[in-house]
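Visitor: Got a file for you: model-v2.cif, mmCIF, C-alpha atoms.
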```cif
data_start
#
loop_
_atom_site.label_atom_id
_atom_site.label_comp_id
_atom_site.auth_asym_id
_atom_site.auth_seq_id
_atom_site.Cartn_x
_atom_site.Cartn_y
_atom_site.Cartn_z
CA MET A 244 136.59 20.48 2.66
CA ILE A 245 139.84 21.77 4.20
CA SER A 246 143.33 21.16 2.92
CA ALA A 247 145.65 21.84 5.84
CA PRO A 248 149.41 22.01 5.23
CA GLY A 249 151.95 20.51 7.58
CA ARG A 250 153.29 22.74 10.33
CA ALA A 251 156.95 23.67 9.98
CA ALA A 252 159.40 22.08 12.39
CA GLY A 253 159.77 24.12 15.57
CA GLU A 254 156.73 26.32 14.86
CA PRO A 255 154.62 26.93 18.00
CA PRO A 256 151.50 24.75 17.87
CA ASP A 257 149.24 27.59 19.01
CA VAL A 258 150.13 29.89 16.10
CA PRO A 259 147.20 29.67 13.66
CA PHE A 260 147.71 29.40 9.96
CA PRO A 261 146.16 32.20 7.92
CA ARG A 262 143.04 30.85 6.21
CA LEU A 263 142.15 31.29 2.56
CA LEU A 264 138.69 30.52 1.18
CA LEU A 265 138.50 29.92 -2.58
CA ILE A 266 135.03 30.10 -4.13
CA TYR A 267 133.66 28.86 -7.44
CA PRO A 268 130.26 30.54 -7.91
CA ALA A 269 127.31 28.62 -9.34
CA THR A 270 124.62 30.33 -11.38
CA HIS A 271 121.90 27.69 -11.03
CA THR A 272 121.17 24.38 -9.35
CA LEU A 273 122.36 21.42 -11.41
CA GLY A 274 120.81 18.52 -9.49
CA TRP A 275 122.22 15.13 -10.47
CA ALA A 276 124.09 16.76 -13.39
CA ARG A 277 126.61 18.17 -10.92
CA TYR A 278 128.24 14.73 -10.79
CA PHE A 279 129.17 15.07 -14.47
CA GLN A 280 130.93 18.42 -14.09
CA LEU A 281 134.66 19.06 -14.05
CA PRO A 282 136.24 20.88 -11.10
CA SER A 283 137.61 24.40 -11.35
CA HIS A 284 141.17 24.15 -12.61
CA SER A 285 141.92 27.80 -11.96
CA LEU A 286 141.24 27.49 -8.23
CA GLN A 287 143.42 24.39 -8.02
CA MET A 288 146.20 26.45 -9.60
CA VAL A 289 145.65 29.32 -7.15
CA ALA A 290 145.89 26.79 -4.32
CA ALA A 291 149.13 25.46 -5.82
CA ALA A 292 150.57 28.98 -5.88
CA THR A 293 149.59 29.55 -2.25
CA PRO A 294 152.47 29.23 0.27
CA ARG A 295 152.19 26.15 2.44
CA HIS A 296 151.79 28.10 5.67
CA TRP A 297 148.29 29.04 4.48
CA GLU A 298 145.29 26.80 5.12
CA VAL A 299 143.24 26.51 1.93
CA VAL A 300 139.48 25.88 1.91
CA LEU A 301 137.45 25.34 -1.25
CA ALA A 302 133.75 26.10 -1.66
CA ASP A 303 132.52 24.92 -5.05
CA GLU A 304 128.89 26.08 -5.15
CA VAL A 305 128.10 23.29 -7.60
CA HIS A 306 128.52 20.98 -4.58
CA ASP A 307 128.90 23.12 -1.46
CA GLU A 308 127.24 25.82 0.57
CA VAL A 309 129.40 28.91 0.91
CA PRO A 310 130.54 29.18 4.56
CA PHE A 311 129.58 32.84 5.00
CA ASP A 312 129.98 32.63 8.78
CA GLY A 313 133.43 31.03 8.69
CA THR A 314 136.63 32.68 9.88
CA PHE A 315 138.96 33.55 6.99
CA ASP A 316 141.81 35.95 6.43
CA LEU A 317 141.04 36.26 2.72
CA VAL A 318 138.36 35.16 0.28
CA GLY A 319 139.32 34.54 -3.35
CA ILE A 320 136.57 34.30 -5.99
CA THR A 321 136.98 33.37 -9.65
CA ALA A 322 134.41 34.57 -12.17
CA MET A 323 133.61 34.08 -15.80
CA THR A 324 131.15 36.62 -17.15
CA HIS A 325 128.00 34.58 -16.53
CA GLN A 326 129.17 34.05 -12.93
CA ALA A 327 129.94 37.69 -12.21
CA THR A 328 126.57 38.65 -10.71
CA ARG A 329 126.65 35.76 -8.25
CA ALA A 330 130.34 36.39 -7.52
CA TYR A 331 129.55 40.00 -6.60
CA GLU A 332 126.73 38.90 -4.28
CA ILE A 333 129.10 36.55 -2.47
CA ALA A 334 131.84 39.17 -2.25
CA ASP A 335 129.50 41.79 -0.85
CA ARG A 336 128.40 39.49 1.97
CA PHE A 337 131.95 38.76 3.08
CA ARG A 338 133.04 42.39 2.85
CA ALA A 339 130.03 43.40 4.96
CA ARG A 340 131.63 41.29 7.71
CA GLY A 341 135.01 42.96 7.18
CA VAL A 342 136.60 39.97 5.40
CA PRO A 343 138.85 41.09 2.51
CA VAL A 344 137.98 39.74 -0.93
CA VAL A 345 140.12 39.33 -4.04
CA MET A 346 138.60 38.50 -7.40
CA GLY A 347 140.19 36.99 -10.50
CA GLY A 348 139.34 35.20 -13.71
CA ILE A 349 138.38 36.50 -17.13
CA HIS A 350 135.59 38.87 -16.07
CA PRO A 351 137.54 40.82 -13.42
CA THR A 352 140.50 40.82 -15.83
CA VAL A 353 138.60 42.67 -18.56
CA LEU A 354 136.43 44.78 -16.21
CA PRO A 355 138.63 45.42 -13.14
CA GLU A 356 136.98 48.73 -12.25
CA GLU A 357 133.59 47.05 -12.04
CA ALA A 358 134.98 44.17 -9.96
CA LEU A 359 136.61 46.62 -7.54
CA LEU A 360 133.16 47.92 -6.63
CA HIS A 361 132.70 44.54 -4.90
CA ALA A 362 136.25 43.46 -4.00
CA ASP A 363 139.26 44.82 -2.15
CA ALA A 364 141.64 43.60 -4.83
CA VAL A 365 141.61 42.25 -8.38
CA VAL A 366 144.07 39.97 -10.15
CA ILE A 367 144.39 40.87 -13.82
CA GLY A 368 145.55 37.96 -15.97
CA GLU A 369 147.09 34.70 -14.78
CA ALA A 370 147.22 34.40 -11.01
CA GLU A 371 150.31 32.24 -10.49
CA PRO A 372 152.97 34.93 -11.08
CA VAL A 373 151.47 37.44 -8.62
CA TRP A 374 149.61 35.37 -6.04
CA ALA A 375 152.31 34.76 -3.43
CA GLN A 376 153.21 38.47 -3.37
CA LEU A 377 149.54 39.39 -3.00
CA LEU A 378 149.25 37.16 0.06
CA ASP A 379 152.43 38.60 1.57
CA ASP A 380 151.11 42.11 1.03
CA LEU A 381 147.84 41.17 2.72
CA LEU A 382 149.58 39.87 5.84
CA ALA A 383 151.78 42.96 5.90
CA GLY A 384 148.72 45.20 5.80
CA CYS A 385 149.46 46.71 2.38
CA LEU A 386 147.19 44.84 -0.03
CA LYS A 387 147.22 46.51 -3.45
CA SER A 388 143.90 46.99 -5.22
CA VAL A 389 145.29 45.65 -8.51
CA SER A 390 147.80 42.87 -9.12
CA ARG A 391 148.58 42.69 -12.82
CA ALA A 392 150.25 39.55 -14.16
CA PRO A 393 152.97 40.10 -16.79
CA VAL A 394 151.89 39.72 -20.41
CA PRO A 395 152.59 36.10 -21.46
CA ARG A 396 155.66 35.81 -23.67
CA GLY A 397 157.51 33.00 -25.39
CA ASP A 398 156.19 29.51 -26.03
CA LEU A 399 157.04 27.78 -22.75
CA LEU A 400 154.49 27.29 -19.96
CA SER A 401 155.81 26.32 -16.51
CA PRO A 402 152.96 26.27 -13.97
CA PRO A 403 152.95 24.19 -10.78
CA TRP A 404 150.86 21.04 -10.64
CA PRO A 405 147.34 21.78 -9.40
CA ARG A 406 146.46 20.90 -5.80
CA ARG A 407 143.77 18.28 -6.29
CA GLU A 408 143.51 17.53 -2.59
CA ILE A 409 141.28 20.59 -2.15
CA LEU A 410 138.64 18.68 -4.15
CA ALA A 411 138.35 15.89 -1.59
CA GLY A 412 134.83 14.82 -0.65
CA ARG A 413 133.22 15.91 -3.91
CA ARG A 414 132.14 13.77 -6.82
CA TYR A 415 133.01 15.03 -10.30
CA LEU A 416 133.11 13.37 -13.70
CA THR A 417 136.84 13.17 -13.00
CA THR A 418 139.43 15.15 -11.06
CA GLN A 419 142.16 13.95 -13.43
CA THR A 420 142.29 17.13 -15.48
CA VAL A 421 145.44 18.51 -17.09
CA GLN A 422 146.28 21.75 -18.84
CA ALA A 423 149.09 21.21 -21.33
CA SER A 424 148.93 24.58 -23.08
CA ARG A 425 147.51 28.08 -22.93
CA GLY A 426 146.81 30.70 -25.55
CA CYS A 427 145.60 30.70 -29.15
CA PRO A 428 146.81 32.67 -32.19
CA TYR A 429 143.48 32.82 -34.02
CA ASP A 430 142.00 35.67 -31.96
CA CYS A 431 138.36 35.14 -32.98
CA SER A 432 136.22 38.22 -32.41
CA PHE A 433 133.87 36.39 -30.01
CA CYS A 434 136.48 34.47 -27.99
CA THR A 435 137.89 35.37 -24.56
CA VAL A 436 140.96 33.12 -24.75
CA THR A 437 143.37 35.61 -26.29
CA PRO A 438 142.48 38.53 -23.95
CA TYR A 439 143.28 36.23 -21.03
CA PHE A 440 145.97 33.76 -22.16
CA GLY A 441 147.59 35.60 -25.09
CA ARG A 442 147.87 35.14 -28.86
CA THR A 443 150.55 32.45 -28.91
CA PHE A 444 150.54 28.78 -28.00
CA ARG A 445 152.50 28.14 -24.81
CA TYR A 446 153.06 24.47 -24.00
CA ARG A 447 154.39 22.79 -20.90
CA ASP A 448 157.38 20.47 -21.17
CA PRO A 449 156.04 17.10 -22.41
CA ASP A 450 157.93 15.20 -19.71
CA ASP A 451 156.25 17.30 -17.02
CA ILE A 452 152.81 16.69 -18.52
CA LEU A 453 153.35 12.93 -18.79
CA ALA A 454 154.76 12.75 -15.25
CA GLU A 455 151.62 14.41 -13.94
CA ILE A 456 149.43 11.93 -15.81
CA ARG A 457 151.45 8.98 -14.49
CA SER A 458 150.56 10.15 -10.99
CA PHE A 459 146.87 9.51 -11.69
CA ARG A 460 145.15 6.40 -10.36
CA ARG A 461 142.62 5.95 -13.14
CA LYS A 462 142.78 5.78 -16.91
CA LEU A 463 140.46 8.67 -17.84
CA VAL A 464 142.19 12.03 -18.41
CA VAL A 465 140.62 15.30 -19.56
CA PHE A 466 142.85 17.99 -21.07
CA LEU A 467 141.48 21.47 -20.37
CA ASP A 468 143.34 23.14 -23.23
CA ASP A 469 141.51 25.49 -25.56
CA ASN A 470 143.34 23.95 -28.51
CA LEU A 471 145.49 20.98 -27.47
CA LEU A 472 146.47 20.07 -31.05
CA GLY A 473 146.85 23.66 -32.24
CA ASP A 474 150.63 23.31 -32.59
CA PRO A 475 151.17 19.78 -33.97
CA ALA A 476 154.93 19.87 -33.40
CA LYS A 477 154.40 20.57 -29.69
CA ALA A 478 151.52 18.12 -29.39
CA ARG A 479 153.24 15.09 -30.96
CA PRO A 480 155.60 14.31 -28.05
CA ILE A 481 152.63 14.43 -25.67
CA LEU A 482 150.63 12.08 -27.89
CA ARG A 483 153.52 9.62 -28.24
CA GLY A 484 153.89 9.49 -24.47
CA LEU A 485 150.17 8.92 -24.01
CA ALA A 486 150.26 6.05 -26.50
CA GLU A 487 152.59 4.18 -24.15
CA MET A 488 150.47 4.75 -21.03
CA ASN A 489 147.19 2.97 -21.84
CA VAL A 490 145.04 5.94 -20.85
CA ARG A 491 141.84 7.27 -22.36
CA TRP A 492 141.57 10.99 -22.86
CA GLY A 493 139.51 13.83 -24.30
CA SER A 494 140.09 17.49 -25.00
CA GLN A 495 139.16 20.53 -27.06
CA THR A 496 140.83 21.43 -30.34
CA ASN A 497 140.05 22.53 -33.89
CA LEU A 498 139.44 20.42 -36.96
CA ARG A 499 142.63 21.42 -38.73
CA PHE A 500 144.65 18.60 -37.16
CA ALA A 501 142.62 16.10 -39.21
CA GLU A 502 144.19 17.44 -42.42
CA ASP A 503 147.26 15.35 -41.51
CA PRO A 504 146.41 11.60 -41.67
CA GLU A 505 149.50 10.68 -39.62
CA LEU A 506 148.61 13.12 -36.87
CA LEU A 507 145.01 11.90 -36.82
CA LYS A 508 146.23 8.29 -36.47
CA LEU A 509 148.57 9.30 -33.65
CA VAL A 510 145.69 11.02 -31.85
CA ALA A 511 143.54 7.87 -32.16
CA ASP A 512 146.39 5.53 -31.17
CA SER A 513 147.22 7.66 -28.11
CA GLY A 514 143.90 6.79 -26.48
CA CYS A 515 141.73 9.73 -27.53
CA ILE A 516 138.06 8.89 -27.05
CA GLY A 517 136.52 12.29 -27.72
CA LEU A 518 137.22 15.82 -28.93
CA PHE A 519 135.24 19.05 -28.65
CA VAL A 520 135.66 21.20 -31.78
CA GLY A 521 134.26 24.59 -32.68
CA ILE A 522 132.53 24.38 -36.05
CA GLU A 523 131.10 27.85 -35.31
CA SER A 524 128.93 28.05 -38.47
CA VAL A 525 128.10 25.88 -41.47
CA VAL A 526 127.35 28.88 -43.71
CA GLY A 527 128.83 32.31 -44.29
CA ALA A 528 132.13 33.88 -43.32
CA HIS A 529 132.56 31.88 -40.12
CA ALA A 530 132.20 28.53 -41.91
CA ASN A 531 135.74 28.59 -43.25
CA MET A 532 137.81 30.15 -40.50
CA ALA A 533 141.56 29.65 -40.52
CA LYS A 534 141.38 27.31 -37.56
CA SER A 535 139.17 24.94 -39.59
CA GLY A 536 141.68 24.67 -42.42
CA THR A 537 141.27 25.60 -46.06
CA ARG A 538 142.20 22.55 -48.13
CA TYR A 539 139.31 20.41 -46.94
CA SER A 540 135.71 21.11 -46.08
CA GLN A 541 134.49 20.88 -42.51
CA ALA A 542 132.38 17.87 -43.54
CA ASP A 543 135.45 16.05 -44.89
CA LEU A 544 137.45 16.65 -41.72
CA MET A 545 134.55 15.63 -39.49
CA LYS A 546 134.21 12.35 -41.40
CA ARG A 547 137.93 11.65 -40.98
CA VAL A 548 137.70 12.07 -37.22
CA ARG A 549 134.52 10.02 -37.01
CA ASP A 550 136.02 7.21 -39.10
CA ALA A 551 139.02 7.13 -36.75
CA GLY A 552 136.64 6.06 -33.96
CA ILE A 553 136.84 9.34 -32.05
CA ILE A 554 133.66 10.83 -30.59
CA LEU A 555 133.33 14.31 -32.03
CA GLU A 556 131.39 16.97 -30.12
CA THR A 557 130.74 19.83 -32.52
CA SER A 558 129.90 23.32 -31.30
CA ILE A 559 127.62 25.50 -33.43
CA ILE A 560 126.95 29.20 -32.85
CA PHE A 561 123.81 30.96 -34.10
CA GLY A 562 123.52 34.72 -34.49
CA PHE A 563 126.43 35.92 -36.62
CA ASP A 564 125.69 38.97 -38.74
CA ASP A 565 125.38 36.90 -41.93
CA HIS A 566 122.87 34.47 -40.36
CA ASP A 567 119.27 34.81 -41.49
CA GLU A 568 116.30 32.58 -40.61
CA SER A 569 117.44 29.84 -43.00
CA VAL A 570 120.54 29.08 -40.91
CA PHE A 571 118.71 26.85 -38.45
CA ASP A 572 117.35 24.31 -40.94
CA THR A 573 120.57 24.43 -42.99
CA THR A 574 122.61 23.64 -39.89
CA VAL A 575 120.43 20.74 -38.77
CA ARG A 576 120.52 19.21 -42.27
CA PHE A 577 124.32 19.61 -42.40
CA LEU A 578 124.77 17.88 -39.06
CA GLU A 579 122.45 15.06 -40.12
CA GLU A 580 124.60 14.51 -43.21
CA CYS A 581 127.90 14.67 -41.32
CA SER A 582 126.59 12.75 -38.30
CA SER A 583 128.86 14.37 -35.75
CA SER A 584 128.69 12.34 -32.57
CA VAL A 585 127.34 15.02 -30.22
CA PRO A 586 126.23 18.40 -31.61
CA THR A 587 125.90 21.40 -29.30
CA PHE A 588 124.23 24.70 -30.10
CA HIS A 589 124.94 28.14 -28.66
CA ILE A 590 123.61 31.64 -29.13
CA LEU A 591 126.34 34.11 -30.03
CA THR A 592 127.40 35.90 -26.86
CA PRO A 593 129.43 39.16 -27.02
CA TYR A 594 131.59 38.79 -23.94
CA PRO A 595 133.17 41.96 -22.53
CA GLY A 596 136.80 42.22 -23.50
CA THR A 597 136.20 40.86 -27.00
CA ALA A 598 136.11 42.70 -30.32
CA LEU A 599 132.52 41.53 -30.76
CA PHE A 600 131.43 43.24 -27.54
CA ARG A 601 133.10 46.48 -28.59
CA GLN A 602 131.43 46.29 -32.02
CA PHE A 603 127.93 45.73 -30.62
CA GLN A 604 128.47 48.39 -27.98
CA GLU A 605 129.52 50.96 -30.58
CA GLU A 606 126.58 50.03 -32.83
CA GLY A 607 124.09 50.27 -29.95
CA ARG A 608 123.06 46.63 -30.38
CA LEU A 609 123.52 45.38 -26.83
CA LEU A 610 120.18 44.60 -25.21
CA THR A 611 121.49 44.15 -21.65
CA THR A 612 124.60 44.06 -19.53
CA ASP A 613 123.00 41.80 -16.95
CA TRP A 614 125.94 39.41 -16.89
CA SER A 615 123.85 36.52 -15.58
CA ARG A 616 122.20 36.44 -19.02
CA TYR A 617 125.51 36.02 -20.86
CA ASP A 618 125.13 32.25 -20.85
CA HIS A 619 125.02 31.12 -24.53
CA SER A 620 121.28 30.47 -24.09
CA THR A 621 119.95 34.03 -23.99
CA VAL A 622 119.92 36.66 -26.73
CA VAL A 623 121.68 39.71 -25.29
CA PHE A 624 122.13 41.67 -28.53
CA ARG A 625 120.09 42.68 -31.56
CA PRO A 626 120.89 40.39 -34.52
CA ARG A 627 121.33 41.98 -37.95
CA LEU A 628 119.09 39.73 -40.08
CA MET A 629 116.41 38.51 -37.66
CA SER A 630 114.71 39.50 -34.46
CA PRO A 631 116.03 38.45 -31.04
CA GLU A 632 112.88 36.36 -30.59
CA ARG A 633 113.47 34.52 -33.88
CA LEU A 634 117.09 33.79 -32.99
CA HIS A 635 116.06 32.31 -29.67
CA ARG A 636 113.26 30.25 -31.20
CA GLY A 637 115.49 28.93 -33.99
CA TRP A 638 118.17 27.90 -31.49
CA LEU A 639 115.51 26.13 -29.46
CA GLU A 640 114.03 24.29 -32.44
CA ALA A 641 117.44 23.19 -33.71
CA ARG A 642 118.37 21.73 -30.35
CA ARG A 643 115.12 19.84 -30.05
CA GLU A 644 115.29 18.42 -33.56
CA ALA A 645 118.93 17.38 -33.17
CA TYR A 646 118.09 15.51 -29.95
CA SER A 647 115.01 13.66 -31.08
CA TRP A 648 115.33 9.92 -30.60
CA ARG A 649 115.42 9.47 -34.38
CA ALA A 650 118.34 11.87 -34.76
CA ILE A 651 120.23 10.29 -31.86
CA ALA A 652 119.77 6.77 -33.27
CA THR A 653 121.00 7.89 -36.70
CA ARG A 654 124.12 9.51 -35.26
CA VAL A 655 125.00 6.54 -33.09
CA MET A 656 124.61 4.03 -35.93
CA ARG A 657 126.74 6.12 -38.33
CA ASN A 658 129.64 6.42 -35.88
CA PRO A 659 131.69 3.22 -36.12
CA GLY A 660 133.47 3.33 -32.76
CA ARG A 661 132.37 3.55 -29.13
CA ARG A 662 128.65 3.30 -29.85
CA LEU A 663 127.67 2.73 -26.22
CA THR A 664 129.72 5.73 -25.07
CA ASN A 665 128.30 7.81 -27.88
CA LEU A 666 124.75 6.80 -26.93
CA ALA A 667 125.40 7.69 -23.29
CA TYR A 668 126.70 11.16 -24.24
CA ASN A 669 123.63 11.78 -26.41
CA ILE A 670 121.23 10.72 -23.67
CA LEU A 671 122.97 13.04 -21.22
CA ARG A 672 122.57 15.88 -23.73
CA LYS A 673 118.97 14.99 -24.47
CA GLY A 674 117.83 15.46 -20.88
CA PRO A 675 118.55 19.22 -20.67
CA ASN A 676 117.16 19.71 -24.19
CA ASP A 677 113.84 18.14 -23.21
CA LEU A 678 113.53 20.66 -20.37
CA LEU A 679 114.01 23.74 -22.55
CA GLU A 680 111.23 26.31 -22.32
CA ASP A 681 109.67 28.35 -25.10
CA GLU A 682 110.15 31.61 -23.23
CA ALA A 683 111.22 34.69 -25.13
CA PRO A 684 114.85 35.87 -24.86
#
```
With the file now loaded, output its structure as structure tokens.
Guide:
Amino acid sequence: MISAPGRAAGEPPDVPFPRLLLIYPATHTLGWARYFQLPSHSLQMVAAATPRHWEVVLADEVHDEVPFDGTFDLVGITAMTHQATRAYEIADRFRARGVPVVMGGIHPTVLPEEALLHADAVVIGEAEPVWAQLLDDLLAGCLKSVSRAPVPRGDLLSPPWPRREILAGRRYLTTQTVQASRGCPYDCSFCTVTPYFGRTFRYRDPDDILAEIRSFRRKLVVFLDDNLLGDPAKARPILRGLAEMNVRWGSQTNLRFAEDPELLKLVADSGCIGLFVGIESVVGAHANMAKSGTRYSQADLMKRVRDAGIILETSIIFGFDDHDESVFDTTVRFLEECSSSVPTFHILTPYPGTALFRQFQEEGRLLTTDWSRYDHSTVVFRPRLMSPERLHRGWLEARREAYSWRAIATRVMRNPGRRLTNLAYNILRKGPNDLLEDEAP
């Protein structure tokens, strides 16, 4: 649980290191599914930016109990919006004992005043540029309430390697995760990437990325990028290096890369086994977004990826303003025809900090600001062309139909490569779908 740095030469042995507790809040109990989760990359990066004279302790609530009675000089908590309520509960308990708390992540970044009701300090934006100074200020007794990272500029990303040793003793799907890039130029109205990471692609040096991957002991690598292939010119050197390393990897991207047959072949030859892509919608304005390309239909691009032997996890969102009750059946039929490897379905969620949140707030369409309900599975706004109850029921029915045994068998048989892996992914997805309840939103 504890990652203790080495003591500097000549330092008195009885001088204690300051202790930092980093917390990843959990919103519900996952059971056996916790072994198929990925660890928090952001907290590994905060640990990497922490000076070595600090002792760093991780509490990942997916696996650990939070040590509320422990002795710490500072508690750092990361929070996405759906984690904010739990993060505030944790922060309040530590502050009641007089332990200072700093919060970061996307939710405190976009709502710092709210976060400061529960924390002594907030980091706005990326933590690495401001973290060491924040810790120095704390030890000097002059902790600032707000540490604001500079606005990302340029196209070069130069972060430290994450400190994976803080993950010791926990079982994840893999700890071999890499972030090669940050940012996205598409600035979708419902997405939190651009408010946090900026509107340009910033890539690390390919040699640095490949050196990090060579340090791994196993072949499976997961890239945590929001759009790894978004800039093909920057992605190609990474892919060429991977092709020489005999690794297997997966990531998130958009379908536009499949417009280029040579790039698609390079992706497949580099060891890619699976990609998560945002289809968003199969009808209406969001069915032909710039990030999906314009020369080819989504169905054509999905078939290209599937035929290349790459498992394709497609993300669908229900609830856009041009969605009526017909969208659910239309979407299921489309996915049956395209046979994407692993479909996922989400309810549109207007996260604070996005243009969508501002729109719904101005139109009086938000039903709640209970952040624990902002989870892609709960209707938190009033749809334009159907009731909240109908949106929730349609999402539920689509998920169940897509994960019937008949639908799973059809998808697996129509995907030419990695059938056993594809079947395993579908079975893992089927379990949570079978447990869905018919409760109202």
Visitor: Can you list, as a list of chain:residue names, the residues that the PyMOL selection byres ((chain A and resi 568) around 10) selects here?
Guide: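 Checked against the file, the PyMOL selection byres ((chain A and resi 568) around 10) matches A:Gly562, A:His566, A:Asp567, A:Ser569, A:Val570, A:Phe571, A:Asp572, A:Thr573, A:Leu628, A:Met629, A:Ser630, A:Arg633, A:Leu634, A:Gly637.
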Visitor: Enter the distance from CA of Asp468 (chain A) to CA of Arg447 (chain A), in Å, rounded to one decimal.
Guide: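 Here the two named atoms are 11.3 Å from each other.
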Visitor: At what distance in Å, to one decimal, does CA of Ile320 (chain A) lie from CA of Val344 (chain A)?
Guide: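 Separating CA of Val344 (chain A) from CA of Ile320 (chain A) is a distance of 7.6 Å.
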Visitor: Using the chain letters and numbers from this file, what does the PyMOL selection byres ((chain A and resi 556) around 12) select? Give the answer as an MDAnalysis selection string.
Guide: chainID A and resid 493:498 516:522 545 548:549 553:555 557:559 578 581:588 654 665 668:669 672
Visitor: Where does the PyMOL selection byres ((chain A and resi 641) around 9) land in this file, that is, which residues does it pick, as a list in words?
Guide: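 Against this file, the PyMOL selection byres ((chain A and resi 641) around 9) returns the residues Phe571, Asp572, Thr574, Val575, Phe588, Arg636, Gly637, Trp638, Leu639, Glu640, Arg642, Arg643, Glu644, Ala645 and Tyr646 of chain A.
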Visitor: Show which residues sit within 10 Å of Trp404 (chain A), as a ChimeraX atom specification. Count all atoms listed in the file, and ignore same-chain residues fewer than 5 positions away.
Guide: /A:287-288,290-292,421-422,451-452,455
Visitor: Quick one: pull the distance between CA of Pro355 (chain A) and CA of Asp303 (chain A), Å, one decimal.
Guide: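 These two atoms are separated by 22.9 Å.
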Visitor: Using all atoms listed in the file for the distances, tell me which of A:Cys427, A:Trp614, A:Arg608, A:Asp565 is nearest to Tyr331 (chain A).
Guide: A:Trp614
Visitor: Between A:Asp363, A:Glu579, A:Glu298, A:Glu523, which is the closest to Cys385 (chain A) once you count only C-alpha atoms?
Guide: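 Of the candidates, the smallest distance to Cys385 (chain A) is held by A:Asp363.
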Visitor: Go through A:Leu377, A:Glu332, A:Phe311, A:Ala667 and flag the residue nearest Leu360 (chain A), using only C-alpha atoms for the distances.
Guide: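 For Leu360 (chain A), the nearest of the candidates is A:Glu332.
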Visitor: Counting only C-alpha atoms, find the residues whose atoms lie at most 12 Å from (155.1, 15.9, -17.5) (file coordinates) and write them out as a PyMOL selection string.
Guide: chain A and resi 400-404+421-423+446-459+480-482+484-485
Visitor: Excluding Asp307 (chain A) and residues on its chain fewer than 4 positions from it, collect all residues at most 10 Å away from it, counting only C-alpha atoms, and give them as a ChimeraX atom specification.
Guide: /A:244,266-269,301-303,413
Visitor: Nearest residue to Gly347 (chain A) out of A:Val389, A:Ala650, A:Leu378, A:Pro310, using all atoms listed in the file?
Guide: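 Looking at the shortest contact to Gly347 (chain A), the residue is A:Val389.
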